[in-house]
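Structure file run_26.txt (compact mmCIF, C-alpha atoms and all ligand atoms) is printed below.
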# COMPACT_ATOMS: atom_id res chain seq x y z
CA MET A 317 40.07 -18.71 -3.43
CA LYS A 318 37.40 -17.72 -0.96
CA ARG A 319 34.12 -16.34 -2.26
CA LEU A 320 32.52 -13.15 -0.99
CA ASN A 321 29.70 -15.04 0.72
CA SER A 322 32.06 -17.13 2.86
CA GLN A 323 34.06 -14.11 3.98
CA LEU A 324 30.91 -12.18 4.88
CA GLN A 325 29.68 -15.14 6.93
CA GLU A 326 33.06 -15.47 8.64
CA ASP A 327 32.81 -11.77 9.53
CA GLY A 328 29.42 -12.40 11.15
CA ALA A 329 27.33 -10.34 8.72
CA PRO A 330 23.57 -11.01 9.10
CA MET A 331 21.99 -12.98 6.23
CA GLU A 332 19.80 -10.11 5.10
CA LEU A 333 22.81 -7.79 4.84
CA ILE A 334 24.66 -10.44 2.82
CA LEU A 335 21.70 -10.71 0.45
CA LEU A 336 21.53 -6.93 0.12
CA LEU A 337 25.25 -6.72 -0.64
CA ARG A 338 24.95 -9.44 -3.26
CA THR A 339 22.09 -7.53 -4.89
CA LEU A 340 24.02 -4.26 -4.88
CA LEU A 341 27.08 -5.98 -6.31
CA ALA A 342 25.00 -7.59 -9.06
CA GLY A 343 24.20 -4.00 -10.06
CA CYS A 344 27.90 -3.12 -9.98
CA LYS A 345 28.70 -6.08 -12.25
CA GLU A 346 26.20 -4.74 -14.73
CA ILE A 347 27.78 -1.28 -14.50
CA SER A 348 31.19 -2.89 -15.03
CA PHE A 349 29.89 -4.50 -18.22
CA ARG A 350 28.24 -1.31 -19.49
CA VAL A 351 31.38 0.71 -18.76
CA SER A 352 33.56 -1.81 -20.59
CA GLN A 353 31.49 -1.48 -23.77
CA GLY A 354 32.47 2.20 -24.04
CA ALA A 355 32.11 3.78 -27.46
CA LEU A 356 30.77 0.51 -28.93
CA ALA A 357 27.54 1.02 -26.99
CA GLY A 358 27.48 4.80 -27.30
CA VAL A 359 27.66 5.25 -23.53
CA LEU A 360 30.50 7.79 -23.44
CA GLY A 361 30.10 11.58 -23.28
CA SER A 362 27.71 13.90 -21.48
CA THR A 363 23.98 14.33 -21.23
CA LEU A 364 22.32 17.75 -21.49
CA SER A 365 21.26 17.64 -17.83
CA GLU A 366 22.82 18.75 -14.55
CA ASN A 367 22.54 16.90 -11.24
CA VAL A 368 21.55 18.52 -7.95
CA GLN A 369 25.25 19.25 -7.33
CA GLY A 370 25.28 21.54 -10.38
CA GLU A 371 27.51 19.15 -12.34
CA THR A 372 26.79 18.09 -15.93
CA GLN A 373 25.86 14.43 -15.88
CA LYS A 374 27.76 11.95 -18.00
CA LYS A 375 25.66 9.33 -19.79
CA LEU A 376 27.30 6.70 -17.58
CA ASP A 377 26.36 8.65 -14.41
CA VAL A 378 22.72 8.34 -15.42
CA ILE A 379 22.97 4.70 -16.56
CA SER A 380 24.81 3.60 -13.40
CA ASN A 381 22.38 5.44 -11.14
CA GLN A 382 19.40 3.82 -12.88
CA ILE A 383 20.89 0.32 -12.61
CA LEU A 384 21.47 0.66 -8.85
CA LYS A 385 18.16 2.39 -8.22
CA ASP A 386 16.21 -0.34 -10.04
CA ILE A 387 17.97 -3.30 -8.48
CA LEU A 388 17.84 -1.91 -4.93
CA SER A 389 14.21 -0.76 -5.18
CA GLU A 390 13.12 -4.19 -6.39
CA SER A 391 15.14 -6.12 -3.81
CA GLY A 392 12.77 -5.56 -0.89
CA TYR A 393 15.70 -5.14 1.56
CA VAL A 394 15.91 -1.37 1.17
CA LYS A 395 13.61 1.25 2.66
CA ALA A 396 15.13 4.19 0.80
CA ILE A 397 18.19 5.23 -1.12
CA SER A 398 20.09 8.47 -1.47
CA SER A 399 22.32 9.05 -4.48
CA GLU A 400 24.67 11.74 -5.71
CA GLU A 401 22.60 11.75 -8.91
CA GLU A 402 19.16 12.08 -7.28
CA ASP A 403 17.76 15.41 -6.03
CA ASP A 404 15.85 13.75 -3.19
CA VAL A 405 15.76 10.52 -1.24
CA VAL A 406 14.18 7.70 -3.30
CA PRO A 407 11.59 5.70 -1.31
CA CYS A 408 11.72 1.92 -1.91
CA ASN A 409 10.05 -0.76 0.29
CA PRO A 410 8.32 0.76 3.38
CA ASN A 411 9.19 -2.46 5.25
CA GLY A 412 12.83 -2.56 4.14
CA ASN A 413 15.40 -2.75 6.92
CA TYR A 414 18.26 -0.86 5.30
CA LEU A 415 19.20 2.52 3.83
CA VAL A 416 21.75 2.71 1.02
CA SER A 417 23.70 5.81 -0.05
CA PHE A 418 25.86 5.78 -3.17
CA ASP A 419 27.93 7.59 -5.72
CA PRO A 420 26.93 5.49 -8.74
CA LEU A 421 29.94 6.53 -10.80
CA ASP A 422 32.85 8.24 -9.12
CA GLY A 423 35.40 10.01 -11.31
CA SER A 424 32.99 10.11 -14.23
CA SER A 425 35.09 12.72 -16.09
CA ASN A 426 37.48 9.78 -16.60
CA THR A 427 34.94 7.87 -18.72
CA ASP A 428 35.96 9.79 -21.83
CA ILE A 429 39.67 8.96 -21.40
CA ASN A 430 39.22 5.26 -20.51
CA SER A 431 40.67 5.83 -17.05
CA LEU A 432 39.74 4.70 -13.52
CA ILE A 433 36.15 5.03 -12.30
CA GLY A 434 34.10 3.25 -9.66
CA THR A 435 30.96 2.96 -7.54
CA ILE A 436 31.06 3.93 -3.83
CA PHE A 437 28.38 2.92 -1.32
CA SER A 438 27.44 2.68 2.34
CA ILE A 439 24.62 0.94 4.19
CA THR A 440 22.94 1.73 7.52
CA HIS A 441 19.92 0.32 9.32
CA ALA A 442 16.61 1.99 8.47
CA PRO A 443 15.01 3.30 11.66
CA GLN A 444 11.53 1.82 12.27
CA TRP A 445 10.03 5.27 12.80
CA MET A 446 10.97 6.73 9.45
CA ASP A 447 8.77 7.09 6.40
CA ALA A 448 10.47 5.87 3.25
CA ASP A 449 10.53 9.37 1.73
CA ASP A 450 11.88 11.04 4.89
CA PRO A 451 15.45 12.26 4.31
CA SER A 452 16.16 12.74 8.02
CA ALA A 453 16.97 9.05 8.56
CA PHE A 454 19.99 9.52 6.28
CA LEU A 455 21.33 12.23 8.58
CA GLN A 456 23.22 9.79 10.80
CA PRO A 457 26.96 10.04 11.42
CA GLY A 458 29.20 7.55 9.60
CA THR A 459 29.76 5.70 12.88
CA GLN A 460 26.33 4.11 12.21
CA ILE A 461 27.46 2.47 8.94
CA VAL A 462 27.06 -1.33 8.92
CA ALA A 463 28.80 -1.89 5.58
CA ALA A 464 30.68 0.29 3.10
CA GLY A 465 32.73 -0.29 0.01
CA TYR A 466 33.57 0.56 -3.56
CA VAL A 467 33.92 -1.28 -6.83
CA LEU A 468 36.78 0.00 -8.95
CA TYR A 469 36.31 -0.49 -12.69
CA GLY A 470 39.97 -0.74 -13.68
CA PRO A 471 42.12 -3.28 -15.52
CA SER A 472 40.48 -5.66 -13.02
CA ALA A 473 37.13 -4.91 -11.41
CA MET A 474 37.92 -4.87 -7.71
CA LEU A 475 35.74 -4.61 -4.63
CA ALA A 476 36.91 -3.14 -1.31
CA LEU A 477 34.38 -3.99 1.38
CA SER A 478 34.05 -3.75 5.13
CA THR A 479 31.25 -4.82 7.45
CA GLY A 480 33.19 -3.52 10.45
CA ARG A 481 35.54 -6.52 10.74
CA GLY A 482 38.44 -5.21 8.69
CA THR A 483 38.65 -4.18 5.04
CA HIS A 484 39.01 -6.91 2.45
CA LEU A 485 39.76 -6.72 -1.28
CA TYR A 486 38.06 -8.95 -3.83
CA THR A 487 38.60 -9.31 -7.57
CA LEU A 488 35.74 -9.95 -9.98
CA ASP A 489 36.28 -13.24 -11.77
CA LYS A 490 34.59 -12.35 -15.04
CA THR A 491 34.56 -15.98 -16.20
CA HIS A 492 32.31 -17.05 -13.30
CA GLY A 493 30.85 -13.69 -12.33
CA GLY A 494 31.83 -13.86 -8.65
CA PHE A 495 33.94 -11.62 -6.41
CA LEU A 496 36.83 -13.69 -4.98
CA LEU A 497 38.83 -12.68 -1.93
CA THR A 498 42.28 -11.57 -3.06
CA GLN A 499 43.49 -9.63 0.00
CA LYS A 500 42.16 -10.19 3.48
CA ASP A 501 42.36 -7.60 6.21
CA VAL A 502 44.23 -4.87 4.35
CA GLN A 503 46.55 -2.82 6.54
CA VAL A 504 47.43 0.65 5.23
CA PRO A 505 51.16 1.28 5.86
CA LYS A 506 51.41 3.78 8.74
CA GLN A 507 54.06 5.85 7.00
CA THR A 508 54.28 7.04 3.43
CA SER A 509 56.13 9.32 1.04
CA GLU A 510 53.26 9.74 -1.40
CA PHE A 511 50.51 12.37 -1.40
CA ALA A 512 47.44 13.13 -3.53
CA ILE A 513 45.94 16.60 -3.84
CA ASN A 514 44.73 18.70 -6.78
CA ALA A 515 47.59 21.22 -6.73
CA SER A 516 45.84 23.49 -9.24
CA ASN A 517 43.72 24.70 -6.30
CA GLN A 518 46.75 25.81 -4.31
CA ARG A 519 45.94 29.53 -4.30
CA HIS A 520 42.59 28.75 -2.65
CA TRP A 521 43.97 26.65 0.21
CA GLU A 522 44.04 27.78 3.82
CA ASP A 523 47.33 28.28 5.69
CA PRO A 524 47.60 24.80 7.29
CA VAL A 525 47.34 23.12 3.87
CA GLN A 526 49.74 25.63 2.26
CA ASP A 527 52.29 24.97 5.00
CA TYR A 528 51.87 21.18 5.05
CA ILE A 529 52.06 20.69 1.26
CA GLY A 530 54.92 23.22 1.10
CA ASP A 531 56.91 21.04 3.50
CA LEU A 532 56.18 17.88 1.47
CA ILE A 533 57.32 19.55 -1.75
CA ALA A 534 60.49 20.88 -0.06
CA GLY A 535 61.47 17.22 0.21
CA GLU A 536 64.84 16.34 1.67
CA ASP A 537 65.79 20.03 1.77
CA GLY A 538 62.83 20.85 4.03
CA PRO A 539 61.77 20.00 7.60
CA ARG A 540 60.54 16.50 6.61
CA GLY A 541 64.05 15.55 5.44
CA LYS A 542 62.80 13.20 2.70
CA ASP A 543 61.39 13.44 -0.82
CA PHE A 544 57.67 12.89 -1.46
CA ASN A 545 55.99 11.82 -4.68
CA MET A 546 52.59 13.02 -5.92
CA ARG A 547 49.74 11.17 -7.71
CA TRP A 548 46.25 12.36 -8.77
CA VAL A 549 43.76 10.10 -10.56
CA ALA A 550 40.85 12.62 -10.51
CA ALA A 551 38.66 9.77 -9.26
CA MET A 552 38.64 9.42 -5.49
CA VAL A 553 38.01 5.71 -5.89
CA GLY A 554 41.29 5.30 -7.79
CA ASP A 555 43.28 7.41 -5.35
CA ILE A 556 41.84 5.60 -2.34
CA HIS A 557 42.52 2.21 -3.89
CA ARG A 558 46.17 3.19 -4.26
CA VAL A 559 46.32 4.46 -0.66
CA LEU A 560 44.72 1.25 0.65
CA SER A 561 47.14 -0.82 -1.43
CA ARG A 562 50.46 0.89 -0.70
CA GLY A 563 49.82 3.80 1.65
CA GLY A 564 49.66 7.55 1.08
CA ILE A 565 47.70 10.60 2.09
CA PHE A 566 44.72 11.82 0.05
CA MET A 567 43.37 15.34 0.52
CA TYR A 568 40.48 17.35 -0.84
CA PRO A 569 40.69 20.08 1.80
CA PHE A 570 38.48 23.04 2.57
CA ASP A 571 39.34 25.86 0.18
CA LYS A 572 38.31 29.49 -0.16
CA ARG A 573 36.74 29.29 -3.64
CA ASN A 574 33.17 29.13 -2.44
CA PRO A 575 32.30 29.66 1.24
CA GLU A 576 29.03 27.76 0.68
CA MET A 577 30.98 24.66 -0.29
CA PRO A 578 33.27 23.38 2.49
CA GLY A 579 35.28 21.07 0.25
CA LYS A 580 34.26 19.24 -2.89
CA LEU A 581 33.57 15.70 -1.82
CA ARG A 582 30.21 14.52 -0.57
CA LEU A 583 29.90 13.26 3.01
CA LEU A 584 27.31 10.53 2.38
CA TYR A 585 28.49 9.24 -0.98
CA GLU A 586 32.26 9.65 -0.87
CA ALA A 587 33.80 10.77 2.43
CA ASN A 588 31.99 8.47 4.87
CA PRO A 589 32.34 5.17 2.97
CA MET A 590 36.03 5.82 2.28
CA ALA A 591 36.62 6.91 5.90
CA PHE A 592 34.98 3.67 7.10
CA LEU A 593 37.17 1.52 4.81
CA MET A 594 40.28 3.48 5.76
CA GLU A 595 39.72 3.22 9.53
CA GLN A 596 38.95 -0.49 9.18
CA ALA A 597 42.33 -0.83 7.45
CA GLY A 598 44.23 0.97 10.23
CA GLY A 599 44.27 4.40 8.56
CA LEU A 600 42.77 7.73 9.63
CA ALA A 601 40.14 10.00 8.08
CA SER A 602 39.62 13.61 9.19
CA THR A 603 38.05 16.85 8.02
CA GLY A 604 40.97 18.76 9.55
CA GLN A 605 38.72 19.60 12.50
CA GLY A 606 37.65 16.10 13.54
CA ARG A 607 36.92 12.52 12.56
CA ILE A 608 34.89 12.30 9.31
CA LEU A 609 32.76 9.45 10.68
CA GLU A 610 31.59 11.67 13.56
CA VAL A 611 30.31 14.51 11.37
CA MET A 612 26.56 14.88 11.95
CA PRO A 613 25.06 15.47 8.48
CA THR A 614 22.62 18.34 8.09
CA GLU A 615 21.56 17.49 4.53
CA ILE A 616 22.03 14.51 2.24
CA HIS A 617 24.20 16.23 -0.38
CA GLN A 618 26.48 17.90 2.17
CA ARG A 619 30.15 18.33 1.26
CA VAL A 620 33.09 18.06 3.65
CA PRO A 621 36.85 18.55 3.58
CA VAL A 622 38.67 15.21 3.39
CA ILE A 623 42.11 14.19 4.65
CA LEU A 624 42.68 10.44 4.84
CA GLY A 625 45.22 7.67 4.56
CA SER A 626 48.33 6.44 6.34
CA LYS A 627 47.90 6.96 10.09
CA GLU A 628 51.14 8.72 10.95
CA GLU A 629 51.07 10.97 7.88
CA VAL A 630 47.49 12.09 8.57
CA GLU A 631 48.50 12.77 12.19
CA THR A 632 51.44 14.86 10.96
CA CYS A 633 49.15 16.79 8.62
CA LEU A 634 46.70 17.50 11.45
CA THR A 635 49.45 19.09 13.58
CA TYR A 636 49.50 21.94 11.02
CA TYR A 637 45.82 22.61 11.80
CA LYS A 638 46.58 22.95 15.50
CA ALA A 639 49.61 25.20 15.06
P1 LIG B 701 32.27 12.52 -9.33
O1 LIG B 701 32.78 12.02 -10.64
O2 LIG B 701 31.44 11.48 -8.61
O3 LIG B 701 31.58 13.85 -9.42
O4 LIG B 701 33.49 12.67 -8.33
C1 LIG B 701 34.67 13.35 -8.70
C2 LIG B 701 35.41 13.75 -7.46
C3 LIG B 701 36.37 12.73 -6.90
O5 LIG B 701 36.22 11.44 -7.35
C4 LIG B 701 37.73 13.25 -7.26
O6 LIG B 701 38.66 12.97 -6.26
C5 LIG B 701 37.51 14.71 -7.45
O7 LIG B 701 36.17 14.89 -7.75
C6 LIG B 701 38.37 15.25 -8.55
O8 LIG B 701 38.29 16.61 -8.50
P2 LIG B 701 39.13 17.59 -9.46
O9 LIG B 701 38.20 17.93 -10.57
O10 LIG B 701 39.46 18.75 -8.58
O11 LIG B 701 40.35 16.85 -9.92
MN MN B 702 32.36 11.02 -6.83
MN MN B 703 29.64 10.47 -9.22
Produce C-alpha cells that represent the structure in this file.
Amino acid sequence: MKRLNSQLQEDGAPMELILLLRTLLAGCKEISFRVSQGALAGVLGSTLSENVQGETQKKLDVISNQILKDILSESGYVKAISSEEEDDVVPCNPNGNYLVSFDPLDGSSNTDINSLIGTIFSITHAPQWMDADDPSAFLQPGTQIVAAGYVLYGPSAMLALSTGRGTHLYTLDKTHGGFLLTQKDVQVPKQTSEFAINASNQRHWEDPVQDYIGDLIAGEDGPRGKDFNMRWVAAMVGDIHRVLSRGGIFMYPFDKRNPEMPGKLRLLYEANPMAFLMEQAGGLASTGQGRILEVMPTEIHQRVPVILGSKEEVETCLTYYKA
C-alpha cells in the first residue's frame, strides 16, 4: 500500500509542505493515542473553562489544542496558527512560510459517549508582509488553501487529505505508525437519498430550509418521488466522512436563533477545510448564498451557514433559496 509521502510527491506537493503535513499528522497520531486511552487516563469530561466561542471546553479539547500548538510552533515551518480553542492568533516562527488553522477536536461532546471525533485543519501560505501576531493574514478566502484535511478518530483512525489534486483517504496503520493510502481520488456520488441536519432546530430555520427538508421528509409521496434517510453524528467530521464515502447532503444552515450568529460552524476551522475536500472530490459546498470557499472572512472565529455534499442534491437544495 502506498505511503502518504509517496502520494504527496505524486501530487506535486512542495517538500516543505510535505514536512509540515507530516509534523501536523504526528500531532494527530498523539491525539489519537490520548483519545483512545479514555477514562483510563482521566481525559474524559469537561474543564471549568469556556473557549472564545462561549462553549465549555472538554479536557480533550484542551489537550488536543496543546499538542498541535506545541508541535507546529516548534516545527519552524509555521508563521502563525489560529485555532477554535485559542482567543487570538498564536505567533510561531517569524520566518515560517505557512499558516495553519484548525479545530483540534471536532465533535468533542462525543468524547463522553465513545463516539466519532476528529481533527480538522487547513494550510495557506504566510504572506511575507505579515507579522506573526497579525490576524489579518488569516482573513483569506478558502480558495487560497494549499492543503486541507481531517483525521477521524473512529474504529480506524482515518485521514482525508487534499493538496488540490483530488481528495485521498488514508488509514493509520497503528502497528507501524504510518498513514497508508486506502482510497485514491474519492468521488462523492452526484446523487443521494441521505441527508444530515439537526432537526431539533427546525422551528428556527428559514423558509428555503423548511421547504427543502419538508420535501425530503415527504419522501415518495412528495415532489421528490423517493424516500430519503437521515443521519446525524453530532460531529461534522463524522458526517462529512460518511458523505465523502457514500454521498449525502450535510447542512448546518442559517437559523433565526441568534442574528449575531449566522450558522453554527466556523468558517476557518470547519467550513473551509470541508468545502475544499468536498469540491476536490466532485461535491459542492455553499452557504446558501454562494460558494463557501469564496467567503471573505472578516474575523478568525467567524461562523457561516453550511450546505455541502453530493453535487446534484446540493444544486437541488439551492434552487429553494432562489425561489
Ligand atoms: P465542536 O465539537 O468542534 O464544537 O464542533 C461541533 C459542531 C460540529 O462538529 C457538529 O456538526 C455540530 O457542532 C453539532 O451541533 P449540534 O449540537 O447542533 O448537534
Ligand atoms: Mn468542530
Ligand atoms: Mn472543536
Within 8 Å of ligand MN 703 (chain B), counting only C-alpha atoms and all ligand atoms, residues as a PDB file with C-alpha atoms, in the coordinates of the input:
ATOM      1  CA  ASP A 377      26.360   8.650 -14.410  1.00  0.00           C
ATOM      2  CA  GLU A 400      24.670  11.740  -5.710  1.00  0.00           C
ATOM      3  CA  GLU A 401      22.600  11.750  -8.910  1.00  0.00           C
ATOM      4  CA  ASP A 419      27.930   7.590  -5.720  1.00  0.00           C
ATOM      5  CA  PRO A 420      26.930   5.490  -8.740  1.00  0.00           C
ATOM      6  CA  LEU A 421      29.940   6.530 -10.800  1.00  0.00           C
ATOM      7  CA  ASP A 422      32.850   8.240  -9.120  1.00  0.00           C
ATOM      8  CA  GLY A 423      35.400  10.010 -11.310  1.00  0.00           C
ATOM      9  CA  SER A 424      32.990  10.110 -14.230  1.00  0.00           C
ATOM     10  CA  THR A 435      30.960   2.960  -7.540  1.00  0.00           C
TER      11      THR A 435
END
Counting all atoms listed in the file, which residues of chain A sit at most 9 Å from some atom of ligand LIG 701 (chain B), and what is each one's closest atom pair with its distance in Å to one decimal, listed by chain and rising residue number, as CSV?
residue,atom,partner,partner_atom,distance
A:Gln369,CA,B:LIG701,O3,8.6
A:Glu371,CA,B:LIG701,O3,7.3
A:Gln373,CA,B:LIG701,O3,8.6
A:Lys374,CA,B:LIG701,O1,8.9
A:Asp377,CA,B:LIG701,O1,8.2
A:Glu400,CA,B:LIG701,O2,7.4
A:Glu401,CA,B:LIG701,O2,8.8
A:Asp419,CA,B:LIG701,O2,6.0
A:Pro420,CA,B:LIG701,O2,7.5
A:Leu421,CA,B:LIG701,O2,5.6
A:Asp422,CA,B:LIG701,O2,3.6
A:Gly423,CA,B:LIG701,O1,3.4
A:Ser424,CA,B:LIG701,O1,4.1
A:Ser425,CA,B:LIG701,O1,6.0
A:Asn426,CA,B:LIG701,O1,7.9
A:Ile433,CA,B:LIG701,O1,7.9
A:Gly434,CA,B:LIG701,O2,8.7
A:Thr435,CA,B:LIG701,O2,8.6
A:Ile436,CA,B:LIG701,O2,8.9
A:Ile513,CA,B:LIG701,O11,8.3
A:Asn514,CA,B:LIG701,O10,5.6
A:Ala515,CA,B:LIG701,O10,8.7
A:Ser516,CA,B:LIG701,O10,8.0
A:Asn517,CA,B:LIG701,O10,7.7
A:Trp548,CA,B:LIG701,O11,7.5
A:Val549,CA,B:LIG701,O6,7.3
A:Ala550,CA,B:LIG701,C6,4.1
A:Ala551,CA,B:LIG701,O5,3.5
A:Met552,CA,B:LIG701,O6,3.6
A:Val553,CA,B:LIG701,O5,6.2
A:Gly554,CA,B:LIG701,O5,8.0
A:Asp555,CA,B:LIG701,O6,7.3
A:Ile556,CA,B:LIG701,O6,8.9
A:Phe566,CA,B:LIG701,O6,8.8
A:Met567,CA,B:LIG701,O6,8.6
A:Tyr568,CA,B:LIG701,O6,7.2
A:Lys580,CA,B:LIG701,O7,6.8
A:Leu581,CA,B:LIG701,C2,6.2
A:Arg582,CA,B:LIG701,O4,8.6
A:Tyr585,CA,B:LIG701,O2,8.5
A:Glu586,CA,B:LIG701,O5,7.8
If I take atom MN of ligand MN 702 (chain B) and atom CA of A:Leu384, how far is one from the other in Å, to one decimal? 15.2 Å
Near A:Gln444, counting all atoms listed in the file, which residues have an atom at most 12 Å away, once you skip same-chain residues fewer than 5 positions from it, shown as a ChimeraX atom specification? /A:395,410-415,450,453
Computed gap from atom CA of A:Ile379 to atom CA of A:Cys344 is 11.3 Å
Between atom CA of A:Glu628 and atom CA of A:Met594, what is the distance in Å, rounded to a tenth? 13.1 Å
